[in-house]
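Listing of query.txt, compact mmCIF, C-alpha atoms
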# COMPACT_ATOMS: atom_id res chain seq x y z
CA MET Z 1 -4.50 -45.48 21.19
CA GLY Z 2 -5.92 -48.37 19.17
CA GLY Z 3 -7.27 -48.19 15.63
CA ALA Z 4 -10.92 -48.10 16.74
CA GLU Z 5 -10.22 -45.30 19.20
CA LEU Z 6 -8.44 -43.34 16.44
CA LEU Z 7 -11.36 -43.59 14.06
CA ILE Z 8 -13.82 -42.65 16.82
CA ALA Z 9 -11.69 -39.63 17.75
CA ILE Z 10 -11.53 -38.49 14.13
CA ALA Z 11 -15.27 -39.05 13.71
CA ASN Z 12 -15.86 -36.85 16.73
CA ILE Z 13 -13.70 -34.12 15.16
CA LEU Z 14 -15.65 -34.35 11.93
CA THR Z 15 -18.98 -33.88 13.70
CA THR Z 16 -18.01 -31.15 16.17
CA GLU Z 17 -15.45 -28.88 14.46
CA ALA Z 18 -16.84 -26.66 11.69
CA ASP Z 19 -13.59 -24.88 10.86
CA LEU Z 20 -11.73 -26.92 8.26
CA THR Z 21 -8.23 -25.75 9.21
CA GLU Z 22 -8.71 -26.54 12.89
CA ALA Z 23 -10.37 -29.86 12.08
CA LEU Z 24 -7.40 -30.89 9.92
CA ARG Z 25 -4.98 -29.84 12.67
CA LEU Z 26 -6.84 -32.01 15.17
CA VAL Z 27 -6.90 -34.94 12.73
CA VAL Z 28 -3.14 -34.59 12.15
CA ARG Z 29 -2.62 -34.56 15.92
CA GLU Z 30 -4.57 -37.79 16.40
CA VAL Z 31 -2.79 -39.53 13.51
CA VAL Z 32 0.63 -38.41 14.75
CA ARG Z 33 -0.17 -39.83 18.17
CA PHE Z 34 -1.50 -43.08 16.72
CA VAL Z 35 1.50 -43.88 14.50
CA GLY Z 36 4.06 -42.43 16.92
CA ALA Z 37 5.29 -39.79 14.47
CA GLU Z 38 7.05 -36.65 15.69
CA THR Z 39 5.58 -34.09 13.28
CA GLY Z 40 2.60 -34.02 10.95
CA ALA Z 41 1.15 -31.65 8.37
CA ALA Z 42 -1.92 -31.44 6.15
CA TYR Z 43 -1.82 -30.10 2.59
CA ARG Z 44 -4.60 -29.29 0.17
CA VAL Z 45 -4.21 -29.83 -3.58
CA ASP Z 46 -4.49 -26.74 -5.75
CA HIS Z 47 -5.40 -28.45 -9.03
CA GLU Z 48 -5.38 -25.26 -11.06
CA ARG Z 49 -1.82 -24.29 -10.07
CA ARG Z 50 -0.70 -27.91 -9.55
CA LEU Z 51 0.56 -27.26 -6.01
CA LEU Z 52 0.47 -28.83 -2.56
CA VAL Z 53 -0.47 -25.97 -0.23
CA PRO Z 54 0.05 -26.28 3.58
CA VAL Z 55 -3.15 -25.99 5.62
CA ALA Z 56 -2.41 -27.23 9.16
CA ALA Z 57 0.41 -28.85 11.14
CA TYR Z 58 1.23 -30.41 14.51
CA ARG Z 59 4.52 -30.42 16.46
CA VAL Z 60 6.55 -28.53 13.85
CA PRO Z 61 10.01 -27.56 15.23
CA HIS Z 62 10.21 -23.87 15.96
CA HIS Z 63 13.11 -23.25 13.57
CA ALA Z 64 11.14 -24.79 10.69
CA LEU Z 65 7.71 -23.39 11.51
CA SER Z 66 7.69 -20.24 9.36
CA ILE Z 67 8.92 -22.09 6.27
CA LEU Z 68 7.05 -25.38 6.50
CA THR Z 69 3.72 -23.62 7.11
CA THR Z 70 4.10 -21.39 4.04
CA ALA Z 71 6.14 -23.35 1.49
CA VAL Z 72 4.21 -24.89 -1.41
CA LEU Z 73 5.30 -28.01 -3.28
CA PRO Z 74 4.91 -28.22 -7.07
CA ILE Z 75 3.14 -31.53 -7.63
CA ASP Z 76 4.79 -32.36 -10.94
CA GLN Z 77 8.30 -31.91 -9.46
CA GLN Z 78 7.82 -34.55 -6.75
CA GLY Z 79 9.36 -37.96 -7.17
CA PHE Z 80 6.35 -39.50 -5.45
CA HIS Z 81 4.01 -37.97 -8.06
CA ASP Z 82 3.13 -41.30 -9.70
CA SER Z 83 2.53 -43.27 -6.53
CA VAL Z 84 0.60 -40.55 -4.68
CA PHE Z 85 -1.28 -38.69 -7.44
CA ALA Z 86 -1.50 -41.26 -10.21
CA ALA Z 87 -1.87 -44.46 -8.17
CA ALA Z 88 -3.33 -42.60 -5.15
CA SER Z 89 -1.57 -44.92 -2.73
CA ILE Z 90 0.16 -44.36 0.59
CA THR Z 91 3.86 -43.74 0.01
CA SER Z 92 6.51 -44.08 2.75
CA SER Z 93 10.28 -44.09 3.15
CA ASP Z 94 12.57 -44.92 6.10
CA ASP Z 95 15.49 -43.16 4.38
CA VAL Z 96 14.11 -39.93 3.01
CA GLN Z 97 17.50 -38.28 2.42
CA ASN Z 98 18.56 -41.03 0.02
CA ASP Z 99 15.18 -41.79 -1.51
CA PRO Z 100 14.85 -40.28 -5.03
CA ARG Z 101 11.09 -39.97 -4.53
CA PHE Z 102 11.84 -37.34 -1.86
CA ALA Z 103 14.57 -35.49 -3.74
CA TYR Z 104 12.76 -32.13 -3.73
CA GLU Z 105 14.93 -29.40 -2.15
CA LEU Z 106 12.50 -28.75 0.75
CA PHE Z 107 13.11 -32.28 2.09
CA ARG Z 108 16.86 -31.60 1.97
CA ARG Z 109 16.48 -28.26 3.67
CA PHE Z 110 14.93 -29.91 6.73
CA PRO Z 111 16.56 -33.37 6.82
CA HIS Z 112 14.59 -36.16 8.47
CA ARG Z 113 14.89 -39.93 8.44
CA SER Z 114 11.35 -41.24 7.75
CA GLY Z 115 8.23 -39.89 6.09
CA VAL Z 116 4.76 -41.10 5.10
CA ILE Z 117 2.43 -39.46 2.58
CA LEU Z 118 -1.27 -40.27 2.98
CA PRO Z 119 -3.30 -39.11 -0.08
CA ILE Z 120 -6.93 -38.13 0.49
CA HIS Z 121 -9.24 -39.18 -2.36
CA LEU Z 122 -12.31 -37.13 -3.21
CA ASP Z 123 -14.50 -37.59 -6.29
CA GLY Z 124 -11.92 -39.65 -8.15
CA ALA Z 125 -8.93 -37.37 -7.49
CA VAL Z 126 -6.45 -36.62 -4.73
CA ALA Z 127 -7.78 -33.52 -2.96
CA ALA Z 128 -5.36 -33.39 -0.01
CA ALA Z 129 -2.54 -35.23 1.71
CA LEU Z 130 -1.13 -35.78 5.17
CA TYR Z 131 2.65 -35.94 5.69
CA LEU Z 132 4.03 -37.66 8.79
CA VAL Z 133 7.65 -37.18 9.88
CA TRP Z 134 10.17 -39.07 12.05
CA TRP Z 135 13.20 -36.86 12.33
CA GLU Z 136 15.79 -39.47 13.31
CA ARG Z 137 14.10 -42.86 13.58
CA ALA Z 138 13.75 -45.29 10.71
CA GLU Z 139 10.06 -46.15 10.60
CA ARG Z 140 8.55 -48.85 8.44
CA PHE Z 141 4.83 -49.39 7.91
CA ASP Z 142 3.23 -52.77 7.96
CA LEU Z 143 0.00 -53.66 6.20
CA ALA Z 144 -2.12 -53.18 9.33
CA ARG Z 145 -1.02 -49.60 9.80
CA VAL Z 146 -1.36 -48.85 6.07
CA THR Z 147 -4.91 -50.19 6.20
CA MET Z 148 -5.68 -48.04 9.23
CA LEU Z 149 -4.27 -44.94 7.50
CA GLU Z 150 -6.41 -45.69 4.47
CA ALA Z 151 -9.46 -45.72 6.76
CA VAL Z 152 -8.30 -42.38 8.18
CA GLY Z 153 -8.00 -41.07 4.63
CA GLN Z 154 -11.60 -42.04 3.93
CA GLN Z 155 -12.73 -40.17 7.03
CA VAL Z 156 -10.74 -37.08 6.09
CA ALA Z 157 -12.32 -37.27 2.65
CA LEU Z 158 -15.70 -37.03 4.35
CA LEU Z 159 -14.44 -33.96 6.19
CA LEU Z 160 -13.33 -32.37 2.92
CA ARG Z 161 -16.62 -33.24 1.23
CA ALA Z 162 -18.58 -31.66 4.08
CA ALA Z 163 -16.36 -28.56 3.90
CA ARG Z 164 -16.82 -28.42 0.15
CA LEU Z 165 -20.59 -28.70 0.54
CA ARG Z 166 -20.58 -25.97 3.21
CA ALA Z 167 -18.49 -23.73 0.98
CA GLU Z 168 -20.84 -24.34 -1.94
CA ALA Z 169 -23.87 -23.67 0.25
CA GLN Z 170 -22.28 -20.48 1.52
CA ARG Z 171 -21.45 -19.45 -2.05
CA GLN Z 172 -24.98 -20.10 -3.21
CA ARG Z 173 -26.37 -18.27 -0.19
CA ALA Z 174 -24.05 -15.32 -0.86
CA GLU Z 175 -25.14 -15.30 -4.50
CA ALA Z 176 -28.79 -15.47 -3.45
CA LEU Z 177 -28.31 -12.62 -0.99
CA ALA Z 178 -26.46 -10.60 -3.62
CA ALA Z 179 -29.20 -11.30 -6.17
CA GLU Z 180 -31.84 -10.32 -3.62
CA GLU Z 181 -29.92 -7.15 -2.84
CA ARG Z 182 -29.64 -6.33 -6.55
CA TYR Z 183 -33.37 -6.98 -6.95
CA HIS Z 184 -34.27 -4.74 -4.02
CA SER Z 185 -31.88 -2.08 -5.26
CA LEU Z 186 -33.45 -2.26 -8.70
CA VAL Z 187 -36.99 -2.09 -7.34
CA GLU Z 188 -36.12 0.72 -4.92
CA HIS Z 189 -34.24 2.90 -7.39
CA ILE Z 190 -35.75 2.21 -10.81
CA PRO Z 191 -37.63 5.34 -12.00
CA VAL Z 192 -40.75 3.31 -12.84
CA GLY Z 193 -43.60 2.51 -10.49
CA ILE Z 194 -43.83 -1.16 -9.49
CA PHE Z 195 -46.84 -2.63 -7.71
CA ARG Z 196 -48.44 -5.85 -6.53
CA THR Z 197 -52.16 -6.12 -5.79
CA THR Z 198 -54.83 -8.72 -5.13
CA PRO Z 199 -57.61 -9.17 -7.71
CA SER Z 200 -59.93 -7.25 -5.37
CA GLY Z 201 -57.61 -4.22 -5.45
CA GLN Z 202 -55.73 -4.52 -2.14
CA ILE Z 203 -52.26 -3.06 -2.70
CA LEU Z 204 -49.71 -5.53 -1.31
CA ASP Z 205 -46.54 -3.71 -2.25
CA ALA Z 206 -45.27 -0.67 -4.12
CA ASN Z 207 -41.83 0.82 -4.72
CA PRO Z 208 -40.83 4.44 -3.97
CA ALA Z 209 -41.31 5.49 -7.61
CA MET Z 210 -44.95 4.34 -7.43
CA VAL Z 211 -45.49 6.33 -4.23
CA GLU Z 212 -43.96 9.42 -5.84
CA LEU Z 213 -45.88 8.97 -9.09
CA LEU Z 214 -49.23 8.98 -7.27
CA ARG Z 215 -48.19 11.83 -4.92
CA PHE Z 216 -48.56 9.88 -1.68
CA THR Z 217 -46.61 10.83 1.43
CA ASP Z 218 -45.18 7.35 1.98
CA ARG Z 219 -45.61 3.69 1.06
CA GLU Z 220 -47.86 2.92 4.04
CA GLU Z 221 -50.32 5.62 2.97
CA LEU Z 222 -50.53 4.14 -0.53
CA LEU Z 223 -50.99 0.60 0.84
CA GLY Z 224 -53.92 1.87 2.86
CA ILE Z 225 -56.13 2.51 -0.19
CA ASN Z 226 -57.75 0.22 -2.74
CA ALA Z 227 -56.31 0.27 -6.25
CA THR Z 228 -59.76 0.50 -7.82
CA SER Z 229 -60.11 4.05 -6.46
CA LEU Z 230 -57.10 5.21 -8.47
CA TYR Z 231 -58.71 4.85 -11.89
CA VAL Z 232 -60.34 7.98 -13.37
CA ASN Z 233 -62.36 5.61 -15.52
CA PRO Z 234 -63.23 2.59 -13.30
CA GLU Z 235 -63.72 0.45 -16.40
CA ASP Z 236 -60.02 0.77 -17.28
CA ARG Z 237 -59.02 -1.67 -14.51
CA GLU Z 238 -61.37 -4.30 -15.91
CA ARG Z 239 -60.29 -3.55 -19.49
CA TRP Z 240 -56.58 -4.13 -18.93
CA GLN Z 241 -57.37 -7.37 -17.11
CA GLN Z 242 -59.46 -8.53 -20.06
CA LEU Z 243 -56.63 -7.68 -22.44
CA ARG Z 244 -54.24 -10.17 -20.82
CA ASP Z 245 -52.74 -12.68 -23.25
CA ALA Z 246 -52.56 -16.45 -22.83
CA SER Z 247 -49.65 -16.11 -20.40
CA GLY Z 248 -51.57 -13.62 -18.25
CA VAL Z 249 -49.66 -10.53 -19.43
CA THR Z 250 -51.05 -7.13 -20.41
CA ARG Z 251 -48.73 -4.84 -22.36
CA ASP Z 252 -48.68 -1.10 -23.09
CA PHE Z 253 -52.11 -0.31 -21.66
CA GLN Z 254 -52.67 3.44 -21.26
CA CYS Z 255 -55.05 4.91 -18.71
CA GLU Z 256 -55.52 7.91 -16.43
CA LEU Z 257 -55.01 7.57 -12.66
CA ARG Z 258 -55.93 9.86 -9.80
CA THR Z 259 -53.15 11.28 -7.64
CA ASN Z 260 -53.33 11.87 -3.91
CA ASP Z 261 -53.12 15.65 -4.38
CA GLY Z 262 -56.32 15.78 -6.43
CA GLY Z 263 -54.71 15.69 -9.86
CA THR Z 264 -54.42 13.01 -12.48
CA VAL Z 265 -51.60 11.35 -14.35
CA TRP Z 266 -51.56 9.34 -17.57
CA VAL Z 267 -49.63 6.08 -17.34
CA ARG Z 268 -48.52 3.16 -19.47
CA LEU Z 269 -49.16 -0.11 -17.64
CA ASN Z 270 -47.54 -3.51 -18.12
CA ALA Z 271 -48.78 -6.22 -15.77
CA ARG Z 272 -49.15 -9.95 -15.31
CA SER Z 273 -51.15 -12.40 -13.28
CA VAL Z 274 -49.14 -14.53 -10.82
CA CYS Z 275 -50.34 -17.60 -8.93
CA ASP Z 276 -48.68 -18.56 -5.66
CA GLY Z 277 -50.26 -21.84 -4.67
CA ASP Z 278 -53.99 -21.18 -4.47
CA ARG Z 279 -53.41 -17.43 -4.16
CA GLU Z 280 -53.52 -15.09 -7.16
CA TYR Z 281 -52.15 -11.59 -7.33
CA TRP Z 282 -51.25 -9.07 -10.03
CA GLU Z 283 -47.96 -7.31 -10.37
CA GLY Z 284 -46.69 -4.82 -12.87
CA ALA Z 285 -44.93 -1.60 -13.77
CA VAL Z 286 -46.43 1.84 -14.30
CA GLU Z 287 -44.68 4.54 -16.34
CA ASP Z 288 -45.70 8.22 -16.28
CA ILE Z 289 -46.53 9.25 -19.87
CA THR Z 290 -48.36 12.50 -19.07
CA ASP Z 291 -45.72 14.68 -20.74
CA GLN Z 292 -45.56 12.32 -23.68
CA ARG Z 293 -49.33 12.48 -24.18
CA ARG Z 294 -49.23 16.27 -23.94
CA ALA Z 295 -46.48 16.36 -26.53
CA ASP Z 296 -48.40 13.95 -28.77
CA GLU Z 297 -51.57 16.02 -28.38
CA ALA Z 298 -49.66 19.20 -29.19
CA GLU Z 299 -48.21 17.53 -32.25
CA ARG Z 300 -51.67 16.36 -33.35
CA ARG Z 301 -53.05 19.88 -32.88
CA ALA Z 302 -50.10 21.33 -34.78
CA GLU Z 303 -50.62 18.85 -37.60
CA THR Z 304 -54.32 19.65 -37.69
CA LEU Z 305 -53.54 23.38 -37.70
CA ARG Z 306 -51.12 22.92 -40.59
CA ALA Z 307 -53.71 20.98 -42.56
CA VAL Z 308 -56.47 23.53 -41.83
CA ALA Z 309 -54.15 26.44 -42.59
CA GLN Z 310 -53.13 24.91 -45.90
CA LEU Z 311 -56.78 24.34 -46.80
CA ALA Z 312 -57.74 27.86 -45.69
CA ASN Z 313 -54.90 29.45 -47.67
CA ALA Z 314 -55.84 27.46 -50.76
CA ALA Z 315 -59.51 28.34 -50.34
CA ALA Z 316 -58.69 32.02 -49.71
CA HIS Z 317 -56.58 32.14 -52.84
CA GLU Z 318 -59.31 30.55 -54.95
CA ILE Z 319 -62.03 32.80 -53.49
CA ASN Z 320 -60.00 36.00 -53.53
CA ASN Z 321 -59.54 36.13 -57.32
CA PRO Z 322 -63.27 35.98 -58.32
CA LEU Z 323 -64.12 38.19 -55.33
CA ALA Z 324 -61.77 40.88 -56.64
CA VAL Z 325 -63.60 40.74 -59.98
CA ILE Z 326 -67.00 41.05 -58.25
CA VAL Z 327 -65.91 44.03 -56.14
CA GLY Z 328 -64.37 45.77 -59.15
CA ARG Z 329 -67.49 45.34 -61.26
CA LEU Z 330 -69.67 46.60 -58.43
CA GLU Z 331 -67.58 49.78 -58.21
CA LEU Z 332 -67.96 50.34 -61.94
CA LEU Z 333 -71.67 49.60 -61.83
CA ARG Z 334 -72.25 52.02 -58.95
CA ARG Z 335 -71.01 54.95 -61.07
CA ASP Z 336 -73.79 54.42 -63.61
CA LEU Z 337 -76.63 54.10 -61.09
CA ASN Z 338 -78.86 56.75 -59.59
CA THR Z 339 -79.04 57.40 -55.87
CA ASP Z 340 -81.88 54.97 -55.22
CA GLN Z 341 -80.18 52.22 -57.16
CA ARG Z 342 -76.89 52.85 -55.38
CA GLY Z 343 -78.61 52.38 -52.01
CA ARG Z 344 -79.80 48.97 -53.12
CA LEU Z 345 -76.23 48.07 -54.06
CA VAL Z 346 -74.79 48.87 -50.57
CA PRO Z 347 -75.65 45.46 -48.94
CA ILE Z 348 -73.95 43.69 -51.84
CA VAL Z 349 -70.80 45.76 -51.42
CA GLU Z 350 -70.77 45.22 -47.61
CA ALA Z 351 -71.22 41.47 -48.07
CA SER Z 352 -68.28 41.45 -50.49
CA LYS Z 353 -66.17 43.31 -47.94
CA GLN Z 354 -67.20 40.81 -45.26
CA ILE Z 355 -66.07 37.96 -47.50
CA ALA Z 356 -62.76 39.79 -47.97
CA ARG Z 357 -62.36 40.03 -44.18
CA ILE Z 358 -63.12 36.33 -43.81
CA ILE Z 359 -60.48 35.55 -46.42
CA THR Z 360 -57.98 37.68 -44.50
CA HIS Z 361 -58.71 35.71 -41.32
CA MET Z 362 -58.31 32.43 -43.21
CA GLY Z 363 -54.80 33.45 -44.24
CA ARG Z 364 -53.77 34.33 -40.67
CA LEU Z 365 -54.69 31.16 -38.75
CA THR Z 366 -52.38 30.61 -35.75
CA ARG Z 367 -54.48 28.19 -33.70
CA LEU Z 368 -57.79 26.35 -33.73
CA GLU Z 369 -60.51 27.96 -31.59
CA PRO Z 370 -64.04 26.53 -31.81
CA LEU Z 371 -67.19 28.65 -31.54
CA ASP Z 372 -68.25 28.73 -27.87
CA ASP Z 373 -71.96 28.57 -28.65
CA LEU Z 374 -71.66 25.26 -30.55
CA PRO Z 375 -70.18 22.79 -28.02
CA ALA Z 376 -72.06 19.78 -29.38
CA SER Z 377 -70.92 20.31 -32.97
CA PRO Z 378 -67.59 22.20 -32.91
CA MET Z 379 -67.06 24.76 -35.66
CA LEU Z 380 -63.94 26.80 -36.21
CA ASP Z 381 -64.05 30.41 -35.06
CA LEU Z 382 -62.00 32.09 -37.82
CA ARG Z 383 -61.74 35.44 -36.05
CA ARG Z 384 -60.41 34.10 -32.73
CA SER Z 385 -58.21 31.54 -34.49
CA SER Z 386 -56.44 34.27 -36.44
CA GLU Z 387 -56.02 36.84 -33.65
CA PRO Z 388 -52.62 37.19 -31.94
CA LEU Z 389 -52.19 35.05 -28.84
CA PRO Z 390 -52.78 36.95 -25.60
CA LYS Z 391 -49.55 37.86 -23.80
This structure in structure tokens:
Amino acid sequence: MGGAELLIAIANILTTEADLTEALRLVVREVVRFVGAETGAAYRVDHERRLLVPVAAYRVPHHALSILTTAVLPIDQQGFHDSVFAAASITSSDDVQNDPRFAYELFRRFPHRSGVILPIHLDGAVAAALYLVWWERAERFDLARVTMLEAVGQQVALLLRAARLRAEAQRQRAEALAAEERYHSLVEHIPVGIFRTTPSGQILDANPAMVELLRFTDREELLGINATSLYVNPEDRERWQQLRDASGVTRDFQCELRTNDGGTVWVRLNARSVCDGDREYWEGAVEDITDQRRADEAERRAETLRAVAQLANAAAHEINNPLAVIVGRLELLRRDLNTDQRGRLVPIVEASKQIARIITHMGRLTRLEPLDDLPASPMLDLRRSSEPLPK
């Protein structure tokens, strides 16, 4: 095989074999055949651990196979460190056993006469190396063969770059798939309704929490309605859109939505406007705050009751003292009156007793009940507000 045929064969390997290990094995095979070597191996450089790690080999003797395909070589312990890794040049010897550059114990363990190390440069550093072996023959390299091996090294560098790019693409794809999976998992399992709609109200997407919140049977049923029909107050949809800030975001908007079972639910809405090319849609999150609003309303009613009760107790106390004086004086006055005069005094005494009953009710307030016959202008019904709650 001539030099041109070698480079063409390696180029064909680079363009047809996607598996890096197999591609390196095939390259080693072609190089071994070209230079007439008896054995060849490819190593990758582990820069972090500073090791030469075997990747592929060709024509390794059976007795040496298990060791040579697994043994790593510490880079800094090799006598050829400077020439191969510092100078990045092809290094050869026709007397390996007596060459101090090849004094590492692995070369002594499997004695051979000649060896050639071909470093593979990638991005300014040695990324791999080929090692060619002649077990018994003294083999010297002339300039022509060194030049050809350098060309081979450049081609193998292209192979490594392509493998590196594929690995990076696969890594990025795996990260993208993982990120997409995390996103879908978040959307599917987050206990907050998430939606996407068009400005006209067509529901494009909704997560399971949104379906459950609005009491629909499934996602498809929810997607079959228009979002505008969900608002108890139709103006609320326009209001939260008008409240969007400069970046198109509406925050903490509260409104009441209809549910598919005929009920309603209060929600807190956070949404934003998104443009995809010439298409606009709205997306956001909806949180059920019905229980929170009920609790807030109960707290407001309790606070109002406390304030009214305090006022009623204070008023009852202030009224009760002068009322007691009035009632006492009326009793004394009645003793000195004749029958006709006493009859005229009866309405005054009954009115005083009625005031006393009103004061009693004011001191027993347990809730706030308005008068039923005054819906337009609510007034507190003292009697009902002070009666025990029905069981």
Pick from Z:Ser66, Z:Thr15, Z:Gln97, Z:Thr91, whichever lies nearest to Pro119 in chain Z using all atoms listed in the file: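 Among the listed residues, Z:Thr91 lies closest to Pro119 in chain Z.
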From Z:Thr304, Z:Phe195, Z:Leu213, Z:Arg357, residue lying nearest Gly284 in chain Z [only C-alpha atoms]: Z:Phe195
Exercise: Ser83 in chain Z partners within 10 Å, only C-alpha atoms, chain neighbours under 5 positions left out, as number ranges by chain: Z: 88-91, 101, 117, 119
Length of the CA of Ala103 in chain Z to CA of Leu51 in chain Z vector [Å]: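 So the two atoms, CA of Ala103 in chain Z and CA of Leu51 in chain Z, lie 16.4 Å apart.
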Selected residue of minimal separation from His62 in chain Z among Z:Leu106, Z:Leu337, Z:Asn12, Z:Thr39, counting all atoms listed in the file: Z:Thr39
Interface rows for range 61-173 of chain Z against range 26-33 of chain Z: nearest pair, Å to one decimal, 10 Å, all atoms listed in the file, as a Markdown table:
| residue | atom | partner | partner_atom | distance |
| --- | --- | --- | --- | --- |
| Z:Leu130 | CA | Z:Val28 | CA | 7.4 |
| Z:Tyr131 | CA | Z:Val28 | CA | 8.8 |
| Z:Leu132 | CA | Z:Val32 | CA | 6.9 |
| Z:Val133 | CA | Z:Val32 | CA | 8.6 |
| Z:Trp134 | CA | Z:Val32 | CA | 9.9 |
| Z:Met148 | CA | Z:Val31 | CA | 10.0 |
| Z:Leu149 | CA | Z:Val31 | CA | 8.2 |
| Z:Val152 | CA | Z:Val31 | CA | 8.2 |
| Z:Gln155 | CA | Z:Val27 | CA | 9.7 |
| Z:Val156 | CA | Z:Val27 | CA | 8.0 |
Option closest in space to Ser352 in chain Z, from Z:Val327, Z:Ala179, Z:Val126, Z:Leu333 [counting all atoms listed in the file]: Z:Val327
Distance criterion (all atoms listed in the file): nearest to Val274 in chain Z out of Z:Leu73, Z:Leu160, Z:Ile203, Z:Val249: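 Among the listed residues, the smallest separation from Val274 in chain Z belongs to Z:Val249.
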